[in-house]
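Asks: The structure under discussion is supplied below as structure tokens; questions concerning it will follow.
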Amino acid sequence: MKHNSFFAAATMLVASSLSASAASWFVKVDAPSGNDGTTWETAFNLADCITKMADMSKGDNVYFAGGTYYYPEKQASGNALVTGLKMQNNPVNLHGGYPADLTGTTVPELTYPTTTPTVLNGDRNGNGIADEGDMRNLIFVQTTKAETSLLSNPQKVLIEGFVLTGAYYNGTKLTELGAINVDMTHLVTVRNCIFRGNRSVNAGAAFSNSGSQTHFIDCIFEDNEGQSAGIAVNQSKRGDADSYFKPMAVLERCLITGNRGVGTGSVAGGSAIRQNAGSIYILNSTITGNSGYKQASIHMNDATQLYIASSTIADNEVELPETGSAIYATGTPKIRVINSYILGLQNYDDVPAINLADMTTKVSNVLVSDGGNIFGCCNFSAAADGGEAFDNNFASDVIITGYDNYSDSNTPYSVFGRSGLQDKGGFSKVLVPQEFTRYYNRSDFAGLVVAEYKCPVQVSDEVDQRDVMRPAVIAVGAYDAEGTGSGVEAASVKSKLGISAIGNGLYRLSDAAASIRVYDLSGRLMLSSEGEIVNLCSFASGVYIVEADGLTCKLVR
């Protein structure tokens with residue numbers, strides 16, 4: 001059964017509340033020039049929509065009928081068109097996927113993907129590939145330096161229901177990259193969109209975030225190509241916005257696959273994500289099948305933060321395998337992971353999943369496991385500049401005994417077999433484990449990403465990548481079989497402890513226990529008691545391990 005998440009409703013409320021008098025505009029592929037865009041019968045064509053967007057009001061809604069839209073060569077002014085649908089200091093909401101036979105101002109509720117997809121195609125030269133002469137950006141959202149006062153009042157934008165393809169950029173400016181480029185804007189929500197077949201000679205072929213805050217929900221990034229890094233998602237700092245908010249991206253129920261970094265050299269890494277600044281949250285998402293010269297999946301730079309929850313990162317290919325297949329980090333970033341697969345390359349137990357060899361501090365200062373994780377190979381050389389060898393410290397400083405599985409034998413093949421991505425009914429495909437491993441109760445995760453990881457937007461952390469409610473004892477990774485899948489019985493023995501919140505730091509066990517012990521994540525004993533009440537009233541917010549008569553569970557205070 002499809003789970004109707006709170007956030008799906010919340011984002012619609014955000015969109016509708018931007019302006020009490022928001023106008024509706026309509027766009028069709030074959031509409032003649034000169035229409036006023038106020039009904040489906042008098043819809044804009046794409047060229048007229050681009051021209052009229054500057055005159056729309058904040059919070060207006062623009063509805064696109066299905067079909068493939070090709071961008072015109074020039075703007076109405078006669079100047080070359082390079083940025084496509086442009087919102088500059090004037091946020092409006094873009095909705096795609098509507099049937100072409102609608103009349104009046106009818107806007108039915110859609111279930112994505114629709115049978116009438118809206119394709120925004122930047123292939124202006126018509127040769128079927130993204131190259132010279134094609135659109136630089138398909139959608140461009142920007143707060144200009146002259147209007148930085150707008151940053152103190154969040155400019156909220158919703159973009160949903162589009163296939164974005166054929167964008168091409170051959171420059172180096174981070175504020176010009178990507179099929180969608182978001183520059184100095186807060187908050188842009190992108191939902192039910194597919195980024196496919198976009199290309200850049202540098203980074204950020206699909207999406208580029210310059211000093212902005214973005215939230216992707218049910219999106220697919222596939223078959224995009226670039227020379228260097230961040231082919232699917234490229235995030236960087238923007239000084240003008242930094243005094244108002246830090247750059248941030250949330251990837252919720254997304255799939256990043258088949259993206260390629262084809263260049264070589266020192267910056268040729270992170271073909272899925274490059275994080276130059278700020279925070280990135282990855283929740284109920286899968287990152288697999290991306291390839292690059294270095295760091296095939298995620299590249300993190302100094303002073304960034306990465307949070308991974310109930311996600312699967314596996315089988316991303318690198319030409320220099322020693323640089324790491326899943327995560328590579330330099331300097332002193334912060335990484336927290338919970339209930340996720342972080343694996344190396346298919347059936348290779350010597351390709352590291354995580355490489356922190358260039359960090360400048362000890363492993364546990366960079367990487368924190370909050371438990372429930374299955375890690376692959378992590379054999380790295382000693383870190384530079386006074387850091388510690390990863391291999392000597394990972395297991396002792398990071399792994400939580402009984403709540404993590406760390407082994408070189410954990411490869412994508414051993415966990416998922418050779419079946420690859422499978423369609424299990426969600427917006428995007430998933431990797432299906434051969435056996436389900438379960439450590440936590442679903443109730444352990446309710447609100448965790450917001451409360452513990454301080455995610456600034458509301459997310460659904462009790463569902464899986466398909467937006468299906470997880471069972472009471474959840475599975476590791478992005479995909480969770482419905483009902484009582486394999487592994488539930490074993491999980492009950494391994495880790496299940498019945499405990500519920502009373503309030504104000506008090507918790508009740510399902511049965512009274514003769515011995516109750518509470519530990520922090522470093523293994524330090526914090527409390528010893530008995531009975532059925534666990535009193536954490538005086539404890540700081542954080543994650544604790546509760547052991548009662550031999551059964552254990554992880555508790556978020």
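Following the order of the structure tokens, first chain is A, next is B, and so on, with residues numbered from 1 inside each chain and ligands from 1 in the order they appear.
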As a VMD selection string, please: the residues near Gln75 of chain A (cut-off 12 Å, only C-alpha atoms, same-chain neighbours under 3 positions excluded).
Replies: chain A and resid 46 to 52 71 to 72 78 to 86
Asks: Can you write out the residues you just picked, keeping all heavy atoms, as a short mmCIF file (atom, residue, chain, number, x, y, z; two decimals), in the first residue's frame?
Replies:
data_model
loop_
_atom_site.label_atom_id
_atom_site.label_comp_id
_atom_site.auth_asym_id
_atom_site.auth_seq_id
_atom_site.Cartn_x
_atom_site.Cartn_y
_atom_site.Cartn_z
N LEU A 46 5.99 27.07 -24.70
CA LEU A 46 7.14 27.22 -23.81
C LEU A 46 7.82 28.57 -23.98
O LEU A 46 8.21 29.21 -22.99
CB LEU A 46 8.15 26.08 -24.05
CG LEU A 46 9.39 26.11 -23.16
CD1 LEU A 46 9.00 26.00 -21.69
CD2 LEU A 46 10.35 24.98 -23.53
N ALA A 47 7.96 29.04 -25.22
CA ALA A 47 8.63 30.32 -25.46
C ALA A 47 7.90 31.46 -24.77
O ALA A 47 8.51 32.33 -24.12
CB ALA A 47 8.73 30.58 -26.96
N ASP A 48 6.56 31.50 -24.89
CA ASP A 48 5.78 32.56 -24.25
C ASP A 48 5.82 32.43 -22.73
O ASP A 48 5.85 33.44 -22.02
CB ASP A 48 4.34 32.52 -24.73
CG ASP A 48 4.18 33.12 -26.13
OD1 ASP A 48 5.16 33.72 -26.62
OD2 ASP A 48 3.10 32.98 -26.73
N CYS A 49 5.83 31.20 -22.22
CA CYS A 49 5.91 31.00 -20.77
C CYS A 49 7.21 31.57 -20.22
O CYS A 49 7.23 32.24 -19.18
CB CYS A 49 5.80 29.52 -20.44
SG CYS A 49 5.88 29.15 -18.66
N ILE A 50 8.32 31.29 -20.92
CA ILE A 50 9.62 31.81 -20.49
C ILE A 50 9.59 33.33 -20.44
O ILE A 50 10.08 33.96 -19.50
CB ILE A 50 10.72 31.31 -21.43
CG1 ILE A 50 10.93 29.79 -21.23
CG2 ILE A 50 12.03 32.05 -21.20
CD1 ILE A 50 11.82 29.15 -22.27
N THR A 51 8.99 33.95 -21.44
CA THR A 51 8.92 35.41 -21.51
C THR A 51 8.06 35.97 -20.38
O THR A 51 8.42 36.97 -19.75
CB THR A 51 8.35 35.85 -22.86
OG1 THR A 51 9.20 35.38 -23.91
CG2 THR A 51 8.23 37.37 -22.94
N LYS A 52 6.92 35.33 -20.10
CA LYS A 52 5.95 35.86 -19.14
C LYS A 52 6.32 35.59 -17.69
O LYS A 52 5.73 36.21 -16.78
CB LYS A 52 4.57 35.25 -19.42
CG LYS A 52 4.00 35.60 -20.80
CD LYS A 52 3.73 37.08 -20.96
CE LYS A 52 3.04 37.36 -22.30
NZ LYS A 52 2.79 38.80 -22.48
N TYR A 71 13.41 24.06 -26.21
CA TYR A 71 13.60 25.47 -25.90
C TYR A 71 13.90 26.28 -27.17
O TYR A 71 14.61 25.80 -28.06
CB TYR A 71 14.75 25.64 -24.90
CG TYR A 71 14.39 25.17 -23.51
CD1 TYR A 71 14.32 23.82 -23.20
CD2 TYR A 71 14.10 26.09 -22.51
CE1 TYR A 71 13.97 23.39 -21.93
CE2 TYR A 71 13.75 25.68 -21.23
CZ TYR A 71 13.69 24.32 -20.95
OH TYR A 71 13.34 23.90 -19.69
N PRO A 72 13.41 27.50 -27.23
CA PRO A 72 13.70 28.35 -28.39
C PRO A 72 15.15 28.81 -28.38
O PRO A 72 15.82 28.80 -27.34
CB PRO A 72 12.75 29.54 -28.21
CG PRO A 72 12.50 29.60 -26.73
CD PRO A 72 12.50 28.17 -26.26
N GLY A 78 15.41 39.00 -28.30
CA GLY A 78 16.33 38.72 -29.38
C GLY A 78 17.68 38.22 -28.93
O GLY A 78 18.48 37.74 -29.73
N ASN A 79 17.94 38.30 -27.61
CA ASN A 79 19.19 37.78 -27.07
C ASN A 79 19.13 36.26 -26.98
O ASN A 79 18.05 35.66 -26.90
CB ASN A 79 19.45 38.36 -25.67
CG ASN A 79 19.67 39.85 -25.71
OD1 ASN A 79 20.22 40.38 -26.67
ND2 ASN A 79 19.21 40.54 -24.66
N ALA A 80 20.30 35.63 -26.98
CA ALA A 80 20.36 34.17 -26.89
C ALA A 80 19.75 33.70 -25.57
O ALA A 80 19.93 34.32 -24.52
CB ALA A 80 21.81 33.71 -27.00
N LEU A 81 19.02 32.60 -25.61
CA LEU A 81 18.41 32.01 -24.42
C LEU A 81 19.35 30.94 -23.87
O LEU A 81 19.70 29.99 -24.58
CB LEU A 81 17.06 31.39 -24.78
CG LEU A 81 16.31 30.71 -23.62
CD1 LEU A 81 15.81 31.76 -22.63
CD2 LEU A 81 15.15 29.88 -24.14
N VAL A 82 19.76 31.07 -22.62
CA VAL A 82 20.68 30.08 -22.04
C VAL A 82 20.17 29.50 -20.73
O VAL A 82 20.58 28.40 -20.35
CB VAL A 82 22.09 30.69 -21.82
CG1 VAL A 82 22.76 31.01 -23.12
CG2 VAL A 82 22.02 31.91 -20.91
N THR A 83 19.28 30.19 -20.02
CA THR A 83 18.89 29.76 -18.69
C THR A 83 17.47 29.20 -18.59
O THR A 83 17.01 28.87 -17.51
CB THR A 83 19.03 30.92 -17.67
OG1 THR A 83 18.27 32.03 -18.14
CG2 THR A 83 20.48 31.32 -17.51
N GLY A 84 16.76 29.09 -19.68
CA GLY A 84 15.48 28.39 -19.67
C GLY A 84 14.42 29.06 -18.83
O GLY A 84 14.24 30.28 -18.83
N LEU A 85 13.67 28.26 -18.06
CA LEU A 85 12.63 28.77 -17.17
C LEU A 85 13.33 29.45 -16.00
O LEU A 85 13.93 28.79 -15.15
CB LEU A 85 11.74 27.62 -16.70
CG LEU A 85 10.88 26.98 -17.79
CD1 LEU A 85 10.42 25.59 -17.38
CD2 LEU A 85 9.69 27.87 -18.12
N LYS A 86 13.23 30.75 -15.94
CA LYS A 86 14.07 31.54 -15.03
C LYS A 86 13.23 32.23 -13.96
O LYS A 86 12.31 32.97 -14.26
CB LYS A 86 14.84 32.58 -15.84
CG LYS A 86 15.86 33.37 -15.05
CD LYS A 86 16.63 34.28 -16.00
CE LYS A 86 17.72 35.06 -15.29
NZ LYS A 86 18.47 35.91 -16.24
#
Asks: Mind dumping a table of every segment 366-458 of chain A residue within 10 Å of segment 113-131 of chain A, with the nearest atom pair and its distance in Å to one decimal, using only C-alpha atoms, sorted by chain and rising number, as a Markdown table?
Replies:
| residue | atom | partner | partner_atom | distance |
| --- | --- | --- | --- | --- |
| A:Gly426 | CA | A:Pro113 | CA | 9.6 |
| A:Phe427 | CA | A:Pro113 | CA | 6.8 |
| A:Ser428 | CA | A:Pro113 | CA | 9.7 |
Asks: If you run DSSP over the backbone, which residues in segment 142-380 of chain A end up alpha helix (DSSP H)? Put them as a count of residues only.
Replies: 8
Asks: Within 10 Å of Ala353 of chain A, counting only C-alpha atoms, which residues show up once you throw out same-chain ones fewer than 6 positions away? Write them as a list in words, please.
Replies: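 The residues that qualify are Gln295, Ala296, Ser297, Ile313, Ala314, Asp315, Asn316, Pro321, Glu322, Thr323, Gly324, Ser325, Ala326, Ile327, Tyr328, Tyr341, Ile342, Leu343, Gly344, Leu345, Phe375, Gly376, Cys377, Cys378, Asn379, Asp408, Asn410 and Thr411 of chain A.
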Asks: Set the distance at 8 Å and use only C-alpha atoms: which residues neighbour segment 225-228 of chain A once local chain neighbours fewer than 2 positions away are removed? I'd like the list as a PyMOL selection string.
Replies: chain A and resi 197-205+223+230-231+259-264+267-271
Asks: Output the selection as a PDB file, in the first residue's frame - N, CA and C atoms for each residue.
Replies:
ATOM      1  N   GLY A 197      20.470  12.182 -18.938  1.00  0.00           N
ATOM      2  CA  GLY A 197      21.101  12.565 -20.194  1.00  0.00           C
ATOM      3  C   GLY A 197      21.552  14.009 -20.257  1.00  0.00           C
ATOM      4  N   ASN A 198      21.942  14.590 -19.109  1.00  0.00           N
ATOM      5  CA  ASN A 198      22.505  15.931 -19.087  1.00  0.00           C
ATOM      6  C   ASN A 198      24.033  15.838 -19.022  1.00  0.00           C
ATOM      7  N   ARG A 199      24.726  16.884 -19.481  1.00  0.00           N
ATOM      8  CA  ARG A 199      26.178  16.772 -19.598  1.00  0.00           C
ATOM      9  C   ARG A 199      26.854  18.111 -19.304  1.00  0.00           C
ATOM     10  N   SER A 200      28.021  18.019 -18.666  1.00  0.00           N
ATOM     11  CA  SER A 200      28.834  19.192 -18.382  1.00  0.00           C
ATOM     12  C   SER A 200      30.298  18.823 -18.564  1.00  0.00           C
ATOM     13  N   VAL A 201      31.094  19.782 -19.019  1.00  0.00           N
ATOM     14  CA  VAL A 201      32.531  19.514 -19.130  1.00  0.00           C
ATOM     15  C   VAL A 201      33.222  19.698 -17.785  1.00  0.00           C
ATOM     16  N   ASN A 202      32.480  20.147 -16.798  1.00  0.00           N
ATOM     17  CA  ASN A 202      33.059  20.317 -15.471  1.00  0.00           C
ATOM     18  C   ASN A 202      32.276  19.463 -14.467  1.00  0.00           C
ATOM     19  N   ALA A 203      31.467  20.063 -13.637  1.00  0.00           N
ATOM     20  CA  ALA A 203      30.717  19.350 -12.602  1.00  0.00           C
ATOM     21  C   ALA A 203      29.238  19.685 -12.717  1.00  0.00           C
ATOM     22  N   GLY A 204      28.418  19.034 -11.866  1.00  0.00           N
ATOM     23  CA  GLY A 204      27.030  19.428 -11.730  1.00  0.00           C
ATOM     24  C   GLY A 204      26.189  19.352 -12.977  1.00  0.00           C
ATOM     25  N   ALA A 205      26.303  18.282 -13.738  1.00  0.00           N
ATOM     26  CA  ALA A 205      25.539  18.181 -14.988  1.00  0.00           C
ATOM     27  C   ALA A 205      24.038  18.157 -14.741  1.00  0.00           C
ATOM     28  N   ASP A 223      22.279   8.480 -15.769  1.00  0.00           N
ATOM     29  CA  ASP A 223      22.861   8.642 -17.102  1.00  0.00           C
ATOM     30  C   ASP A 223      23.243  10.087 -17.406  1.00  0.00           C
ATOM     31  N   GLY A 230      30.695  15.564  -8.828  1.00  0.00           N
ATOM     32  CA  GLY A 230      29.352  16.040  -8.552  1.00  0.00           C
ATOM     33  C   GLY A 230      28.455  16.008  -9.758  1.00  0.00           C
ATOM     34  N   ILE A 231      28.490  14.917 -10.512  1.00  0.00           N
ATOM     35  CA  ILE A 231      27.747  14.860 -11.776  1.00  0.00           C
ATOM     36  C   ILE A 231      26.240  14.918 -11.534  1.00  0.00           C
ATOM     37  N   ASN A 259      25.537   7.530 -13.369  1.00  0.00           N
ATOM     38  CA  ASN A 259      26.173   8.807 -13.681  1.00  0.00           C
ATOM     39  C   ASN A 259      27.678   8.597 -13.838  1.00  0.00           C
ATOM     40  N   ARG A 260      28.307   9.356 -14.734  1.00  0.00           N
ATOM     41  CA  ARG A 260      29.688   9.067 -15.101  1.00  0.00           C
ATOM     42  C   ARG A 260      30.565  10.311 -15.013  1.00  0.00           C
ATOM     43  N   GLY A 261      31.672  10.174 -14.288  1.00  0.00           N
ATOM     44  CA  GLY A 261      32.731  11.157 -14.333  1.00  0.00           C
ATOM     45  C   GLY A 261      33.807  10.628 -15.262  1.00  0.00           C
ATOM     46  N   VAL A 262      33.959  11.238 -16.432  1.00  0.00           N
ATOM     47  CA  VAL A 262      34.800  10.645 -17.480  1.00  0.00           C
ATOM     48  C   VAL A 262      36.192  11.266 -17.539  1.00  0.00           C
ATOM     49  N   GLY A 263      36.472  12.297 -16.738  1.00  0.00           N
ATOM     50  CA  GLY A 263      37.783  12.922 -16.761  1.00  0.00           C
ATOM     51  C   GLY A 263      38.754  12.243 -15.816  1.00  0.00           C
ATOM     52  N   THR A 264      39.986  12.692 -15.846  1.00  0.00           N
ATOM     53  CA  THR A 264      41.014  12.220 -14.929  1.00  0.00           C
ATOM     54  C   THR A 264      41.668  13.426 -14.278  1.00  0.00           C
ATOM     55  N   VAL A 267      40.745  16.414  -9.342  1.00  0.00           N
ATOM     56  CA  VAL A 267      39.371  16.734  -8.935  1.00  0.00           C
ATOM     57  C   VAL A 267      38.348  15.785  -9.558  1.00  0.00           C
ATOM     58  N   ALA A 268      38.815  14.764 -10.252  1.00  0.00           N
ATOM     59  CA  ALA A 268      37.888  13.870 -10.953  1.00  0.00           C
ATOM     60  C   ALA A 268      37.341  12.837  -9.994  1.00  0.00           C
ATOM     61  N   GLY A 269      36.454  13.240  -9.092  1.00  0.00           N
ATOM     62  CA  GLY A 269      35.892  12.312  -8.118  1.00  0.00           C
ATOM     63  C   GLY A 269      34.506  12.706  -7.685  1.00  0.00           C
ATOM     64  N   GLY A 270      33.758  11.742  -7.133  1.00  0.00           N
ATOM     65  CA  GLY A 270      32.414  12.016  -6.666  1.00  0.00           C
ATOM     66  C   GLY A 270      31.422  12.123  -7.794  1.00  0.00           C
ATOM     67  N   SER A 271      31.293  11.054  -8.595  1.00  0.00           N
ATOM     68  CA  SER A 271      30.409  11.127  -9.760  1.00  0.00           C
ATOM     69  C   SER A 271      28.940  11.193  -9.378  1.00  0.00           C
TER      70      SER A 271
END
